[in-house]
Amino acid sequence: MDRTLPLVLDPTGRARAAEEDALHAAGPATLVDILGVTAWSVSDPAILKSLLNDARVSKDASRHWPAFISGEITEKWPLALWVGVDNMFTAYGDNHRRLRRLVSKAFTARRTAETVPRIEQITSRLIDRIARTQPGEVVELREALAFPLPIQVIGDLMGLTEDVWPRFRTVVDGVFDTTLSSEEARANTMALYGILTELVASKRATPGEDITSTLIDVRDEEGDGSVLTEQELLDTLLLIISAGYETTVNLLDQAVTALLTRPEQLAHVRAGRASWDDVIEESLRYAAPISHLPLRYAVEDIPLPDGIVISQGEAILASYGAAGRHPNLHGATAGAFDVMREDKQHLAFGHGAHFCLGAPLARAEARAALPALFDGFPDMALVVPPEELEPVASLLVNGHRTVPVRLQPTRRPG
């Protein structure tokens with residue numbers, strides 16, 4: 001393809017497979033158009049991994065993206081929220097290290113371990129509810145399992161009351177929907193901040209054992225003792241809630257879909273030749289929950305192979321989906337789902353300083369949900385051919401609008 005003409009990424013997500021092929025063929029990096037903004041998409045796993053750990057690459061648009069600094073990028077861009085927030089997702093250097101120290105206090109290994117029994121309890125209740133389905137009736141698994149499990153888990157962790165969950169789900173879905181108009185995106189952002197402001201006010205009035213209460217009071221004991229500013233607090237909650245929910249929804253969706261459309265892969269698991277961890281890691285590699293993550297910026301000129309130079313100030317798009325299926329790492333079988341694959345390397349949770357703090361939680365939820373679902377309903381089958389499954393309307397995330405199945409439960413409701 002002509003590197004001087006950006007590849008226009010389809011905001012509906014319908015062209016993902018063809019786009020990944022084009023990115024692979026284009027070499028180390030190529031220009032793409034992401035809703036009207038030009039960026040360098042990097043999908044080669046080795047080069048992307050290197051850039052994710054490179055001090056010459058920043059996530060702070062206010063310091064290192066001239067188009068943002070000059071006002072060329074405004075709130076009218078549908079993804080303005082992604083680059084304008086004030087949290088560790090967009091921080092660089094010392095500021096990122098400060099924010100990550102503060103936030104990591106709320107994401108300890110102990111807290112994740114303590115959450116596992118609650119994850120298993122929620123999973124069991126959801127599976128029991130699915131088991132009440134009448135024979136022959138269609139079950140929509142995103143609605144029945146993939147959505148409610150992470151919503152309830154992250155809701156508990158953050159201290160979100162159950163009555164807020166439906167609003168929370170709607171606005172978070174809107175953050176990832178790249179078919180919204182700029183007006184719709186701005187309205188969605190306002191609604192999201194309304195929920196976050198209510199949450200903070202509630203936890204200030206009545207603190208609990210939740211992450212929100214922890215973040216309100218946390219101090220940087222290794223630095224100057226500072227706390228999160230009010231905007232940092234709201235934007236950090238936005239990051240944790242959004243990432244903790246959407247990634248897991250699509251991980252569960254893609255793992256279930258992959259196994260239902262490839263019975264020989266499910267047979268490996270049932271025969272003990274592969275584990276559920278194998279399924280989880282191969283799902284993350286084969287169908288990364290986040291296909292493209294905006295944005296990073298070159299702090300200085302960055303030369304790449306093949307004579308490519310990402311110039312200072314140019315935007316960089318981490319294309320995790322294409323990286324997971326790149327033949328440079330996984331050879332000729334990169335495009336195949338194979339739980340027996342020896343090397344399941346992926347970048348689905350990022351790499352380096354910005355590696356996702358919630359990765360252990362997402363894996364724990366999948367580790368509970370997948371065996372419970374497939375053990376409970378061994379005859380479960382998709383209602384439609386896999387090619388008829390509609391993608392989520394987003395170039396950012398990789399999931400399906402619905403995953404309809406029929407099942408013959410072998411267990412009775414508890």
# chains A, B, ... in the order shown; residues from 1 in each chain; ligands from 1

call {"tool": "closest_atom_pairs", "arguments": {"of": "region 225-280 of chain A", "to": "region 126-142 of chain A", "cutoff": "9 Å", "atoms": "only C-alpha atoms", "output": "tab-separated table"}}
result
residue	atom	partner	partner_atom	distance
A:Val249	CA	A:Arg142	CA	7.4
A:Asn250	CA	A:Arg142	CA	8.7
A:Leu252	CA	A:Arg142	CA	8.3
A:Asp253	CA	A:Arg142	CA	6.6
A:Val256	CA	A:Leu141	CA	8.9

call {"tool": "residues_around", "arguments": {"residues": "Gln254 (chain A)", "least_positions_apart": "2", "cutoff": "10 Å", "atoms": "only C-alpha atoms", "output": "number ranges by chain"}}
result
A: 146, 248-252, 256-260, 280, 283-284, 286-289, 398-400, 403

call {"tool": "write_last_selection", "arguments": {"atoms": "C-alpha atoms", "output": "mmCIF file, in the first residue's frame"}}
result
data_model
loop_
_atom_site.group_PDB
_atom_site.id
_atom_site.type_symbol
_atom_site.label_atom_id
_atom_site.label_comp_id
_atom_site.auth_asym_id
_atom_site.auth_seq_id
_atom_site.Cartn_x
_atom_site.Cartn_y
_atom_site.Cartn_z
ATOM 1 C CA ALA A 146 -20.079 -11.194 29.502
ATOM 2 C CA THR A 248 -13.242 -8.248 30.210
ATOM 3 C CA VAL A 249 -16.546 -8.161 28.313
ATOM 4 C CA ASN A 250 -14.737 -8.647 25.024
ATOM 5 C CA LEU A 251 -12.291 -11.220 26.399
ATOM 6 C CA LEU A 252 -15.211 -13.411 27.500
ATOM 7 C CA VAL A 256 -16.607 -18.202 24.007
ATOM 8 C CA THR A 257 -17.036 -17.489 20.300
ATOM 9 C CA ALA A 258 -13.676 -19.011 19.410
ATOM 10 C CA LEU A 259 -14.437 -22.254 21.250
ATOM 11 C CA LEU A 260 -17.979 -22.574 19.931
ATOM 12 C CA ILE A 280 -7.484 -17.106 27.925
ATOM 13 C CA SER A 283 -7.968 -15.463 23.082
ATOM 14 C CA LEU A 284 -6.043 -12.374 24.139
ATOM 15 C CA TYR A 286 -5.946 -13.987 18.629
ATOM 16 C CA ALA A 287 -8.616 -11.350 19.308
ATOM 17 C CA ALA A 288 -7.208 -8.624 21.544
ATOM 18 C CA PRO A 289 -10.111 -6.946 23.393
ATOM 19 C CA ASN A 398 -13.011 -6.071 19.397
ATOM 20 C CA GLY A 399 -16.253 -7.791 20.283
ATOM 21 C CA HIS A 400 -19.669 -8.751 18.957
ATOM 22 C CA VAL A 403 -23.515 -13.859 21.009
#

call {"tool": "closest_atom_pairs", "arguments": {"of": "region 335-372 of chain A", "to": "region 96-120 of chain A", "cutoff": "8 Å", "atoms": "only C-alpha atoms", "output": "Markdown table"}}
result
| residue | atom | partner | partner_atom | distance |
| --- | --- | --- | --- | --- |
| A:Leu357 | CA | A:Phe107 | CA | 6.7 |
| A:Gly358 | CA | A:Phe107 | CA | 7.4 |
| A:Pro360 | CA | A:Thr112 | CA | 7.2 |
| A:Leu361 | CA | A:Thr112 | CA | 6.1 |
| A:Ala364 | CA | A:Val116 | CA | 6.8 |
| A:Glu365 | CA | A:Ile119 | CA | 6.3 |
| A:Ala368 | CA | A:Glu120 | CA | 5.9 |
| A:Ala369 | CA | A:Glu120 | CA | 7.8 |

call {"tool": "atom_distance", "arguments": {"atom1": "CA of Leu199 (chain A)", "atom2": "CA of Val175 (chain A)"}}
result
18.3 Å

call {"tool": "select_by_dssp", "arguments": {"residues": "region 9-164 of chain A", "states": "helix (DSSP H, G or I)", "output": "PyMOL selection string"}}
result
chain A and resi 16-26+45-52+61-64+66-69+80-84+93-104+109-131+141-146+148-158+162-164

call {"tool": "residues_around", "arguments": {"residues": "region 261-273 of chain A", "least_positions_apart": "4", "cutoff": "8 Å", "atoms": "only C-alpha atoms", "output": "list in words"}}
result
Thr257, Asp338, Val339, Met340, Leu382 and Pro386 of chain A

call {"tool": "atom_distance", "arguments": {"atom1": "CA of Val83 (chain A)", "atom2": "CA of Thr236 (chain A)"}}
result
13.4 Å

call {"tool": "closest_residue", "arguments": {"among": "A:Arg341, A:Pro327, A:Ser394, A:Val405", "to": "Asp379 (chain A)", "atoms": "only C-alpha atoms"}}
result
A:Val405

call {"tool": "residues_around", "arguments": {"residues": "Arg169 (chain A)", "least_positions_apart": "4", "cutoff": "10 Å", "atoms": "only C-alpha atoms", "output": "list in words"}}
result
Phe147, Pro148, Ile151, Val164, Trp165, Asp173, Gly174, Leu192, Ile241, Ser242, Tyr245 and Glu246 of chain A

call {"tool": "write_last_selection", "arguments": {"atoms": "N, CA and C atoms", "output": "short mmCIF file (atom, residue, chain, number, x, y, z; two decimals), in the first residue's frame"}}
result
data_model
loop_
_atom_site.label_atom_id
_atom_site.label_comp_id
_atom_site.auth_asym_id
_atom_site.auth_seq_id
_atom_site.Cartn_x
_atom_site.Cartn_y
_atom_site.Cartn_z
N PHE A 147 -21.45 -9.21 29.98
CA PHE A 147 -21.68 -7.88 30.54
C PHE A 147 -21.82 -7.88 32.06
N PRO A 148 -22.74 -8.68 32.62
CA PRO A 148 -23.01 -8.52 34.05
C PRO A 148 -21.88 -8.93 34.97
N ILE A 151 -19.35 -5.94 35.19
CA ILE A 151 -20.05 -4.78 35.76
C ILE A 151 -20.19 -4.95 37.27
N VAL A 164 -26.89 2.20 39.83
CA VAL A 164 -26.11 3.01 38.89
C VAL A 164 -25.59 2.16 37.73
N TRP A 165 -25.55 0.83 37.90
CA TRP A 165 -24.93 -0.04 36.89
C TRP A 165 -25.49 0.17 35.48
N ASP A 173 -20.01 2.19 27.34
CA ASP A 173 -20.13 1.73 25.96
C ASP A 173 -19.96 2.90 25.00
N GLY A 174 -20.48 4.05 25.38
CA GLY A 174 -20.37 5.23 24.54
C GLY A 174 -18.94 5.72 24.37
N LEU A 192 -21.02 10.69 31.80
CA LEU A 192 -20.04 9.87 32.51
C LEU A 192 -19.46 10.62 33.70
N ILE A 241 -12.68 2.21 35.72
CA ILE A 241 -13.99 1.64 35.46
C ILE A 241 -14.12 1.22 34.00
N SER A 242 -13.69 2.09 33.09
CA SER A 242 -13.82 1.77 31.66
C SER A 242 -12.98 0.57 31.28
N TYR A 245 -14.03 -2.84 32.80
CA TYR A 245 -15.29 -3.39 32.31
C TYR A 245 -15.18 -3.86 30.86
N GLU A 246 -14.81 -2.96 29.97
CA GLU A 246 -14.88 -3.24 28.53
C GLU A 246 -13.92 -4.35 28.10
#

call {"tool": "closest_residue", "arguments": {"among": "A:Val8, A:Val309, A:Ala17, A:Ala318", "to": "Ile34 (chain A)", "atoms": "only C-alpha atoms"}}
result
A:Val8

call {"tool": "closest_residue", "arguments": {"among": "A:Asp210, A:Glu314, A:Glu72, A:Glu198", "to": "Gly155 (chain A)", "atoms": "only C-alpha atoms"}}
result
A:Asp210

call {"tool": "closest_residue", "arguments": {"among": "A:Leu52, A:Ile154, A:Ala61, A:Ala39", "to": "Ala243 (chain A)", "atoms": "only C-alpha atoms"}}
result
A:Ile154

call {"tool": "residues_around", "arguments": {"residues": "Ala315 (chain A)", "least_positions_apart": "6", "cutoff": "12 Å", "atoms": "only C-alpha atoms", "output": "PDB file with N, CA, C and O atoms, in the first residue's frame"}}
result
ATOM      1  N   ALA A  29       5.563   0.311  10.269  1.00  0.00           N
ATOM      2  CA  ALA A  29       4.557   1.301  10.659  1.00  0.00           C
ATOM      3  C   ALA A  29       3.968   1.899   9.396  1.00  0.00           C
ATOM      4  O   ALA A  29       4.626   1.952   8.357  1.00  0.00           O
ATOM      5  N   THR A  30       2.733   2.343   9.506  1.00  0.00           N
ATOM      6  CA  THR A  30       2.103   2.981   8.353  1.00  0.00           C
ATOM      7  C   THR A  30       1.096   4.009   8.834  1.00  0.00           C
ATOM      8  O   THR A  30       0.551   3.900   9.950  1.00  0.00           O
ATOM      9  N   LEU A  31       0.846   5.003   8.006  1.00  0.00           N
ATOM     10  CA  LEU A  31      -0.091   6.052   8.372  1.00  0.00           C
ATOM     11  C   LEU A  31      -1.529   5.546   8.277  1.00  0.00           C
ATOM     12  O   LEU A  31      -1.902   4.847   7.332  1.00  0.00           O
ATOM     13  N   VAL A  32      -2.333   5.907   9.284  1.00  0.00           N
ATOM     14  CA  VAL A  32      -3.751   5.571   9.276  1.00  0.00           C
ATOM     15  C   VAL A  32      -4.544   6.825   9.621  1.00  0.00           C
ATOM     16  O   VAL A  32      -4.043   7.763  10.255  1.00  0.00           O
ATOM     17  N   ASP A  33      -5.788   6.812   9.189  1.00  0.00           N
ATOM     18  CA  ASP A  33      -6.729   7.881   9.529  1.00  0.00           C
ATOM     19  C   ASP A  33      -7.679   7.338  10.576  1.00  0.00           C
ATOM     20  O   ASP A  33      -8.400   6.375  10.347  1.00  0.00           O
ATOM     21  N   ILE A  34      -7.664   7.958  11.759  1.00  0.00           N
ATOM     22  CA  ILE A  34      -8.516   7.518  12.846  1.00  0.00           C
ATOM     23  C   ILE A  34      -9.519   8.632  13.139  1.00  0.00           C
ATOM     24  O   ILE A  34      -9.216   9.608  13.825  1.00  0.00           O
ATOM     25  N   VAL A  37      -8.091  12.022  12.072  1.00  0.00           N
ATOM     26  CA  VAL A  37      -6.756  12.355  12.587  1.00  0.00           C
ATOM     27  C   VAL A  37      -5.757  11.336  12.053  1.00  0.00           C
ATOM     28  O   VAL A  37      -6.019  10.129  12.086  1.00  0.00           O
ATOM     29  N   THR A  38      -4.624  11.813  11.566  1.00  0.00           N
ATOM     30  CA  THR A  38      -3.591  10.931  11.021  1.00  0.00           C
ATOM     31  C   THR A  38      -2.614  10.509  12.110  1.00  0.00           C
ATOM     32  O   THR A  38      -2.155  11.339  12.902  1.00  0.00           O
ATOM     33  N   ALA A  39      -2.313   9.223  12.147  1.00  0.00           N
ATOM     34  CA  ALA A  39      -1.353   8.691  13.123  1.00  0.00           C
ATOM     35  C   ALA A  39      -0.581   7.557  12.480  1.00  0.00           C
ATOM     36  O   ALA A  39      -0.996   6.991  11.461  1.00  0.00           O
ATOM     37  N   TRP A  40       0.538   7.216  13.082  1.00  0.00           N
ATOM     38  CA  TRP A  40       1.330   6.067  12.655  1.00  0.00           C
ATOM     39  C   TRP A  40       0.830   4.834  13.395  1.00  0.00           C
ATOM     40  O   TRP A  40       0.968   4.737  14.615  1.00  0.00           O
ATOM     41  N   SER A  41       0.249   3.905  12.665  1.00  0.00           N
ATOM     42  CA  SER A  41      -0.127   2.632  13.271  1.00  0.00           C
ATOM     43  C   SER A  41       1.090   1.724  13.308  1.00  0.00           C
ATOM     44  O   SER A  41       1.769   1.532  12.296  1.00  0.00           O
ATOM     45  N   VAL A  42       1.354   1.167  14.476  1.00  0.00           N
ATOM     46  CA  VAL A  42       2.468   0.232  14.642  1.00  0.00           C
ATOM     47  C   VAL A  42       1.885  -1.105  15.078  1.00  0.00           C
ATOM     48  O   VAL A  42       1.246  -1.210  16.128  1.00  0.00           O
ATOM     49  N   VAL A  57       8.752   8.198  23.497  1.00  0.00           N
ATOM     50  CA  VAL A  57       7.331   8.098  23.183  1.00  0.00           C
ATOM     51  C   VAL A  57       6.531   8.523  24.414  1.00  0.00           C
ATOM     52  O   VAL A  57       6.734   8.005  25.508  1.00  0.00           O
ATOM     53  N   SER A  58       5.640   9.482  24.222  1.00  0.00           N
ATOM     54  CA  SER A  58       4.843  10.045  25.314  1.00  0.00           C
ATOM     55  C   SER A  58       3.366   9.769  25.091  1.00  0.00           C
ATOM     56  O   SER A  58       2.920   9.546  23.962  1.00  0.00           O
ATOM     57  N   LYS A  59       2.594   9.809  26.175  1.00  0.00           N
ATOM     58  CA  LYS A  59       1.140   9.748  26.067  1.00  0.00           C
ATOM     59  C   LYS A  59       0.497  11.079  26.465  1.00  0.00           C
ATOM     60  O   LYS A  59      -0.737  11.170  26.544  1.00  0.00           O
ATOM     61  N   ASP A  60       1.313  12.080  26.694  1.00  0.00           N
ATOM     62  CA  ASP A  60       0.820  13.372  27.168  1.00  0.00           C
ATOM     63  C   ASP A  60       0.621  14.326  25.997  1.00  0.00           C
ATOM     64  O   ASP A  60       1.556  14.973  25.512  1.00  0.00           O
ATOM     65  N   ALA A  61      -0.631  14.427  25.524  1.00  0.00           N
ATOM     66  CA  ALA A  61      -0.935  15.288  24.381  1.00  0.00           C
ATOM     67  C   ALA A  61      -0.676  16.751  24.696  1.00  0.00           C
ATOM     68  O   ALA A  61      -0.281  17.530  23.817  1.00  0.00           O
ATOM     69  N   HIS A  64       3.232  16.989  24.188  1.00  0.00           N
ATOM     70  CA  HIS A  64       3.999  16.424  23.072  1.00  0.00           C
ATOM     71  C   HIS A  64       3.214  16.218  21.777  1.00  0.00           C
ATOM     72  O   HIS A  64       3.751  15.602  20.859  1.00  0.00           O
ATOM     73  N   TRP A  65       1.991  16.711  21.700  1.00  0.00           N
ATOM     74  CA  TRP A  65       1.234  16.599  20.448  1.00  0.00           C
ATOM     75  C   TRP A  65       0.909  18.003  19.952  1.00  0.00           C
ATOM     76  O   TRP A  65      -0.046  18.618  20.417  1.00  0.00           O
ATOM     77  N   PRO A  66       1.700  18.542  19.025  1.00  0.00           N
ATOM     78  CA  PRO A  66       1.489  19.922  18.562  1.00  0.00           C
ATOM     79  C   PRO A  66       0.069  20.187  18.082  1.00  0.00           C
ATOM     80  O   PRO A  66      -0.465  21.285  18.308  1.00  0.00           O
ATOM     81  N   ALA A  67      -0.568  19.218  17.439  1.00  0.00           N
ATOM     82  CA  ALA A  67      -1.927  19.431  16.943  1.00  0.00           C
ATOM     83  C   ALA A  67      -2.908  19.666  18.089  1.00  0.00           C
ATOM     84  O   ALA A  67      -3.881  20.415  17.943  1.00  0.00           O
ATOM     85  N   PHE A  68      -2.663  19.052  19.225  1.00  0.00           N
ATOM     86  CA  PHE A  68      -3.501  19.237  20.400  1.00  0.00           C
ATOM     87  C   PHE A  68      -3.169  20.555  21.086  1.00  0.00           C
ATOM     88  O   PHE A  68      -4.058  21.319  21.486  1.00  0.00           O
ATOM     89  N   ILE A  73      -6.777  19.993  17.419  1.00  0.00           N
ATOM     90  CA  ILE A  73      -7.603  18.910  17.944  1.00  0.00           C
ATOM     91  C   ILE A  73      -8.466  19.501  19.047  1.00  0.00           C
ATOM     92  O   ILE A  73      -7.958  19.969  20.062  1.00  0.00           O
ATOM     93  N   VAL A  83      -7.633  11.530  24.710  1.00  0.00           N
ATOM     94  CA  VAL A  83      -6.339  12.214  24.761  1.00  0.00           C
ATOM     95  C   VAL A  83      -6.334  13.374  25.732  1.00  0.00           C
ATOM     96  O   VAL A  83      -5.263  13.902  26.069  1.00  0.00           O
ATOM     97  N   LEU A 293      -5.299   1.395  20.389  1.00  0.00           N
ATOM     98  CA  LEU A 293      -5.378   2.228  21.589  1.00  0.00           C
ATOM     99  C   LEU A 293      -4.785   3.603  21.298  1.00  0.00           C
ATOM    100  O   LEU A 293      -3.578   3.744  21.120  1.00  0.00           O
ATOM    101  N   PRO A 294      -5.614   4.645  21.248  1.00  0.00           N
ATOM    102  CA  PRO A 294      -5.109   6.005  21.027  1.00  0.00           C
ATOM    103  C   PRO A 294      -4.662   6.632  22.343  1.00  0.00           C
ATOM    104  O   PRO A 294      -5.238   6.322  23.381  1.00  0.00           O
ATOM    105  N   LEU A 295      -3.714   7.502  22.264  1.00  0.00           N
ATOM    106  CA  LEU A 295      -2.687   7.749  21.264  1.00  0.00           C
ATOM    107  C   LEU A 295      -1.390   7.964  21.997  1.00  0.00           C
ATOM    108  O   LEU A 295      -1.371   8.249  23.194  1.00  0.00           O
ATOM    109  N   ARG A 296      -0.267   7.859  21.294  1.00  0.00           N
ATOM    110  CA  ARG A 296       1.046   8.228  21.804  1.00  0.00           C
ATOM    111  C   ARG A 296       1.668   9.219  20.840  1.00  0.00           C
ATOM    112  O   ARG A 296       1.199   9.384  19.720  1.00  0.00           O
ATOM    113  N   TYR A 297       2.797   9.860  21.270  1.00  0.00           N
ATOM    114  CA  TYR A 297       3.390  10.928  20.466  1.00  0.00           C
ATOM    115  C   TYR A 297       4.913  10.839  20.541  1.00  0.00           C
ATOM    116  O   TYR A 297       5.491  10.519  21.593  1.00  0.00           O
ATOM    117  N   ALA A 298       5.545  11.129  19.410  1.00  0.00           N
ATOM    118  CA  ALA A 298       7.002  11.086  19.351  1.00  0.00           C
ATOM    119  C   ALA A 298       7.575  12.339  20.003  1.00  0.00           C
ATOM    120  O   ALA A 298       7.292  13.460  19.581  1.00  0.00           O
ATOM    121  N   VAL A 299       8.373  12.151  21.041  1.00  0.00           N
ATOM    122  CA  VAL A 299       9.017  13.278  21.731  1.00  0.00           C
ATOM    123  C   VAL A 299      10.153  13.837  20.883  1.00  0.00           C
ATOM    124  O   VAL A 299      10.486  15.022  20.943  1.00  0.00           O
ATOM    125  N   GLU A 300      10.748  12.972  20.066  1.00  0.00           N
ATOM    126  CA  GLU A 300      11.774  13.371  19.103  1.00  0.00           C
ATOM    127  C   GLU A 300      11.649  12.448  17.897  1.00  0.00           C
ATOM    128  O   GLU A 300      10.850  11.509  17.912  1.00  0.00           O
ATOM    129  N   ASP A 301      12.392  12.741  16.841  1.00  0.00           N
ATOM    130  CA  ASP A 301      12.342  11.877  15.665  1.00  0.00           C
ATOM    131  C   ASP A 301      12.738  10.451  16.050  1.00  0.00           C
ATOM    132  O   ASP A 301      13.739  10.233  16.758  1.00  0.00           O
ATOM    133  N   ILE A 302      11.960   9.471  15.569  1.00  0.00           N
ATOM    134  CA  ILE A 302      12.223   8.068  15.886  1.00  0.00           C
ATOM    135  C   ILE A 302      12.386   7.300  14.578  1.00  0.00           C
ATOM    136  O   ILE A 302      11.405   7.071  13.859  1.00  0.00           O
TER     137      ILE A 302
END

call {"tool": "select_by_dssp", "arguments": {"residues": "region 1-89 of chain A", "states": "strand (DSSP E)", "output": "PyMOL selection string"}}
result
chain A and resi 7-8+30-34+37-42+57-58

call {"tool": "atom_distance", "arguments": {"atom1": "CA of His24 (chain A)", "atom2": "CA of His326 (chain A)"}}
result
6.5 Å
